[in-house]
Amino acid sequence: MRYFNTFILIGLFLTGIRTFAQTPVNQVVPEAEMNRIYNEIKTPFKYGLVLIHEDTSNMIDCATIFRKDSIWYMTYLVFNGRGYETCLARSKNLLDWEKLGKVLPFTEEGRWDWNQAAGYPSLIDHNWGGSYNLKTYNDKYWMSYFGSNSGGYEKGLLAIGLAYTDENPAVANAWERLEKPVLQTTDSNIGDWENKKLYKSSIIWDSSEITGHPFVMYYNAVGDTSNKKNWVERIGMATSDDMIRWNRFPGNPILDHGMGLTGDAVVQKIDSVYVMFYYGAFWPEGREEAFDRFACSYDLIHWTDWTGDDLIKSSEKYDIKYAHKPCVIKWNGIVYHFYAAVNEKEQRGIAVATSKDIGKSKLNFFPVKNKLKR
């Protein structure tokens with residue numbers, strides 16, 4: 001491992017990229033610590049659905065939760081057949097949500113992202129049980145997103161872009177967007193594991209700069225394959241000093257199960273341990289479902305994967321097909337695990353499980369009227 005780290009540092013120096021910091025001696029999180037983290041974050045009580053779409057031909061997906069002025073806000077994705085848009089909702093109690101409108105709507109024809117804009121607010125306070133407030137950088141709030149100019153379900157050369165606003169992020173106004181993607185599949189330094197499509201990204205502000213950089217992005221991607229059954233998604237990372245220019249980590253991917261899907265990473269810090277919540281699907285061999293899991297790290301680079309029970313998996317009518325794509329927070333002593341729930345009719349909404357029994361949701365999917373076209 002010593003020679004591997006030396007190789008990375010030399011390679012980065014020769015290419016003129018600022019080097020990643022030396023990693024701590026302990027790169028593996030011990031089993032006892034992994035068990036402690038699991039007992040801290042597990043949510044065995046499923047409350048149920050908290051957000052659905054009234055139009056059964058639309059799907060709701062990928063919650064991101066933040067807090068502002070003592071109110072909770074959720075961004076979420078809506079797919080209506082054309083592509084993804086990003087919307088905003090608010091809540092006083094994390095259970096009852098009011099939809100407010102769009103923050104990344106479809107935009108003018110001709111842009112690289114005019115048919116897809118799946119957004120995830122960045123720079124949320126990532127301390128476990130912390131404020132969960134959005135931080136500003138250069139007096140702006142930031143949101144990463146994946147997009148493309150192709151219509152349909154995740155069609156086209158999906159790339160990662162950045163949006164920003166200097167207005168109130170708790171109001172459903174359209175955010176401004178950078179003109180070009182910050183990571184794309186046509187970049188000269190693209191890895192073969194990510195040269196087909198780039199998906200969800202999440203960005204933390206690491207004030208300790210443990211990687212040598214303040215801004216750290218985790219994203220999932222898929223490489224070229226001619227066989228859909230061999231479609232493999234993995235998680236990689238990139239870093240930035242200014243939120244505009246991003247450099248891929250040369251050791252990518254950082255989490256890879258060799259088959260199926262591994263993605264939608266979101267990182268929080270519990271004491272001295274960084275915890276990456278993520279979802280898996282179709283692994284190990286023979287498993288035909290999606291589920292949420294976690295991995296731990298001391299340095300944001302080397303991750304110890306949890307090998308015990310899933311954090312979330314299918315068990316109810318509303319999530320019997322898939323239960324995945326985590327957003328996990330701790331508030332007032334209760335852990336809330338938000339996830340995308342998909343039923344047998346492929347209706348998709350946001351559900352939540354908790355660490356304490358707080359009852360059951362009365363919200364249900366509406367009867368299907370129109371079949372969603374992908």
# chains A, B, ... in the order shown; residues from 1 in each chain; ligands from 1
>>> closest_atom_pairs(of="segment 20-90 of chain A", to="segment 161-185 of chain A", cutoff="12 Å", atoms="only C-alpha atoms", output="CSV")
residue,atom,partner,partner_atom,distance
A:Ile65,CA,A:Ala170,CA,11.5
A:Phe66,CA,A:Ala170,CA,9.4
A:Arg67,CA,A:Ala170,CA,8.8
A:Lys68,CA,A:Ala170,CA,7.1
A:Asp69,CA,A:Ala170,CA,9.1
A:Ser70,CA,A:Ala170,CA,11.2
A:Ile71,CA,A:Ala170,CA,8.9
A:Trp72,CA,A:Ala170,CA,9.0
A:Tyr73,CA,A:Ala170,CA,6.9
A:Met74,CA,A:Ala170,CA,9.3
A:Thr75,CA,A:Ala170,CA,9.9
A:Glu85,CA,A:Ala174,CA,10.8
A:Thr86,CA,A:Ala174,CA,9.5
A:Cys87,CA,A:Ala172,CA,7.6
A:Leu88,CA,A:Ala172,CA,6.2
A:Ala89,CA,A:Ala172,CA,8.5
A:Arg90,CA,A:Ala170,CA,8.1
>>> residues_around(residues="segment 109-124 of chain A", least_positions_apart="5", cutoff="7 Å", atoms="only C-alpha atoms", output="NGL selection string")
:A and (64 or 66 or 77 or 82-86 or 104 or 132-135 or 142-151 or 202-205)
>>> write_last_selection(atoms="C-alpha atoms", output="tab-separated table (two decimals), in the first residue's frame")
chain	number	residue	atom	x	y	z
A	64	THR	CA	-32.47	15.05	-0.33
A	66	PHE	CA	-32.01	19.97	4.42
A	77	LEU	CA	-37.05	14.16	-8.70
A	82	ARG	CA	-39.89	13.29	-21.00
A	83	GLY	CA	-37.13	13.34	-18.39
A	84	TYR	CA	-36.23	14.37	-14.84
A	85	GLU	CA	-37.09	17.68	-13.20
A	86	THR	CA	-36.14	18.62	-9.64
A	104	LEU	CA	-34.58	22.61	-11.83
A	132	TYR	CA	-28.50	19.87	8.30
A	133	ASN	CA	-28.40	23.46	7.07
A	134	LEU	CA	-27.20	24.32	3.59
A	135	LYS	CA	-23.88	26.17	3.59
A	142	TRP	CA	-25.05	24.98	-4.75
A	143	MET	CA	-26.70	21.93	-6.25
A	144	SER	CA	-25.14	19.20	-8.37
A	145	TYR	CA	-27.26	17.37	-10.90
A	146	PHE	CA	-27.06	14.94	-13.76
A	147	GLY	CA	-28.60	15.83	-17.08
A	148	SER	CA	-28.66	15.35	-20.82
A	149	ASN	CA	-30.39	16.75	-23.91
A	150	SER	CA	-32.09	13.41	-24.69
A	151	GLY	CA	-35.69	12.73	-23.72
A	202	SER	CA	-23.39	14.45	-3.68
A	203	ILE	CA	-20.91	17.08	-2.48
A	204	ILE	CA	-19.65	17.75	1.05
A	205	TRP	CA	-17.54	20.64	2.31
>>> residues_around(residues="segment 278-289 of chain A", least_positions_apart="4", cutoff="9 Å", atoms="only C-alpha atoms", output="compact mmCIF listing (two decimals) with C-alpha atoms, in the first residue's frame")
# COMPACT_ATOMS: atom_id res chain seq x y z
CA HIS A 257 -19.21 -4.89 -6.04
CA GLY A 258 -18.26 -6.21 -9.48
CA MET A 259 -21.86 -6.69 -10.56
CA GLY A 260 -25.26 -5.04 -10.33
CA LEU A 261 -25.67 -1.49 -9.05
CA THR A 262 -23.80 0.41 -6.35
CA GLY A 263 -24.72 4.06 -6.15
CA ASP A 264 -26.35 7.20 -4.73
CA ALA A 265 -23.72 7.75 -2.04
CA VAL A 266 -24.43 10.30 0.71
CA VAL A 267 -21.81 10.90 3.42
CA ARG A 293 -26.42 -0.31 2.89
CA PHE A 294 -23.42 1.62 4.22
CA ALA A 295 -19.64 1.76 4.32
CA LYS A 313 -35.01 -3.77 1.89
CA SER A 314 -38.39 -4.63 0.39
CA LYS A 321 -40.31 -4.21 -5.89
CA TYR A 322 -37.52 -1.88 -4.73
CA ALA A 323 -36.57 -0.10 -1.49
CA HIS A 324 -33.48 1.98 -2.14
CA LYS A 325 -31.68 5.35 -2.62
CA PRO A 326 -31.06 6.58 0.94
CA CYS A 327 -31.25 9.95 2.63
>>> residues_around(residues="Leu300 of chain A", least_positions_apart="2", cutoff="8 Å", atoms="only C-alpha atoms", output="ChimeraX atom specification")
/A:210-211,274,297-298,302-303
>>> write_last_selection(atoms="C-alpha atoms", output="JSON list (two decimals), in the first residue's frame")
[["chain", "number", "residue", "atom", "x", "y", "z"],
["A", 210, "ILE", "CA", -8.39, 15.50, 4.65],
["A", 211, "THR", "CA", -8.11, 14.73, 0.93],
["A", 274, "TYR", "CA", -17.35, 9.01, 7.87],
["A", 297, "SER", "CA", -13.99, 5.47, 6.35],
["A", 298, "TYR", "CA", -11.45, 7.49, 8.32],
["A", 302, "HIS", "CA", -10.65, 4.08, 1.73],
["A", 303, "TRP", "CA", -13.99, 2.53, 2.59]]
>>> atom_distance(atom1="atom CA of Asp125 of chain A", atom2="atom CA of Glu31 of chain A")
26.9 Å
>>> residues_around(residues="Ile312 of chain A", least_positions_apart="2", cutoff="9 Å", atoms="only C-alpha atoms", output="JSON, numbers by chain")
{"A": [42, 43, 44, 290, 291, 292, 293, 309, 310, 314, 315, 323, 324, 326, 337, 339, 353]}
>>> write_last_selection(atoms="C-alpha atoms", output="tab-separated table (two decimals), in the first residue's frame")
chain	number	residue	atom	x	y	z
A	42	LYS	CA	-30.46	1.21	11.86
A	43	THR	CA	-34.16	1.97	11.32
A	44	PRO	CA	-36.26	-1.18	11.84
A	290	ALA	CA	-32.59	-3.24	-4.47
A	291	PHE	CA	-31.60	-2.32	-0.91
A	292	ASP	CA	-29.77	0.30	1.17
A	293	ARG	CA	-26.42	-0.31	2.89
A	309	ASP	CA	-27.96	-6.89	7.44
A	310	ASP	CA	-29.36	-4.37	4.95
A	314	SER	CA	-38.39	-4.63	0.39
A	315	SER	CA	-41.00	-5.84	2.86
A	323	ALA	CA	-36.57	-0.10	-1.49
A	324	HIS	CA	-33.48	1.98	-2.14
A	326	PRO	CA	-31.06	6.58	0.94
A	337	HIS	CA	-34.19	6.88	6.69
A	339	TYR	CA	-35.84	6.07	0.50
A	353	ALA	CA	-38.25	4.19	8.16
>>> atom_distance(atom1="atom CA of Lys356 of chain A", atom2="atom CA of Arg36 of chain A")
17.3 Å
>>> closest_residue(among="A:Arg248, A:Ser57, A:Phe106, A:Leu363", to="Ser188 of chain A", atoms="only C-alpha atoms")
A:Arg248
>>> atom_distance(atom1="atom CA of Asp319 of chain A", atom2="atom CA of Lys200 of chain A")
21.0 Å
>>> residues_around(residues="segment 251-253 of chain A", least_positions_apart="3", cutoff="7 Å", atoms="only C-alpha atoms", output="ChimeraX atom specification")
/A:234-237,256
>>> closest_residue(among="A:Asn332, A:Asn364, A:Ala238, A:Val342", to="Val50 of chain A", atoms="only C-alpha atoms")
A:Asn364
>>> closest_residue(among="A:Ala340, A:Gly48, A:His53, A:Asp139", to="Pro367 of chain A", atoms="only C-alpha atoms")
A:His53
>>> residues_around(residues="Asp224 of chain A", least_positions_apart="2", cutoff="9 Å", atoms="only C-alpha atoms", output="list in words")
Asp192, Trp193, Glu194, Asn195, Lys196, Lys197, Val222, Ser226 and Trp231 of chain A
>>> write_last_selection(atoms="N, CA and C atoms", output="JSON list (two decimals), in the first residue's frame")
[["chain", "number", "residue", "atom", "x", "y", "z"],
["A", 192, "ASP", "N", -12.77, 3.62, -17.90],
["A", 192, "ASP", "CA", -13.69, 2.76, -18.64],
["A", 192, "ASP", "C", -14.87, 2.31, -17.79],
["A", 193, "TRP", "N", -14.79, 2.48, -16.47],
["A", 193, "TRP", "CA", -15.90, 2.12, -15.59],
["A", 193, "TRP", "C", -17.01, 3.16, -15.62],
["A", 194, "GLU", "N", -16.72, 4.36, -16.21],
["A", 194, "GLU", "CA", -17.67, 5.48, -16.16],
["A", 194, "GLU", "C", -17.86, 6.16, -17.50],
["A", 195, "ASN", "N", -17.55, 5.49, -18.59],
["A", 195, "ASN", "CA", -17.55, 6.17, -19.90],
["A", 195, "ASN", "C", -18.88, 6.08, -20.63],
["A", 196, "LYS", "N", -19.94, 5.63, -19.96],
["A", 196, "LYS", "CA", -21.25, 5.55, -20.61],
["A", 196, "LYS", "C", -22.25, 6.54, -20.04],
["A", 197, "LYS", "N", -22.45, 6.52, -18.71],
["A", 197, "LYS", "CA", -23.40, 7.44, -18.09],
["A", 197, "LYS", "C", -22.91, 7.79, -16.69],
["A", 222, "VAL", "N", -21.71, 4.24, -14.93],
["A", 222, "VAL", "CA", -21.66, 2.94, -15.60],
["A", 222, "VAL", "C", -20.77, 3.07, -16.84],
["A", 226, "SER", "N", -22.49, -4.07, -23.74],
["A", 226, "SER", "CA", -23.48, -4.41, -24.78],
["A", 226, "SER", "C", -24.58, -5.30, -24.23],
["A", 231, "TRP", "N", -24.78, -4.74, -16.85],
["A", 231, "TRP", "CA", -24.75, -3.32, -16.51],
["A", 231, "TRP", "C", -24.26, -3.19, -15.08]]
>>> select_by_dssp(residues="segment 119-280 of chain A", states="strand (DSSP E)", output="VMD selection string")
chain A and resid 119 to 121 141 to 148 159 to 165 176 to 177 197 to 205 215 to 222 233 to 240 246 to 248 261 to 270 273 to 280
>>> closest_residue(among="A:Tyr199, A:Tyr318, A:Tyr141, A:Trp331", to="Met243 of chain A", atoms="only C-alpha atoms")
A:Tyr141
>>> closest_residue(among="A:Ile334, A:Glu344, A:Leu51, A:Pro214", to="Leu95 of chain A", atoms="only C-alpha atoms")
A:Leu51
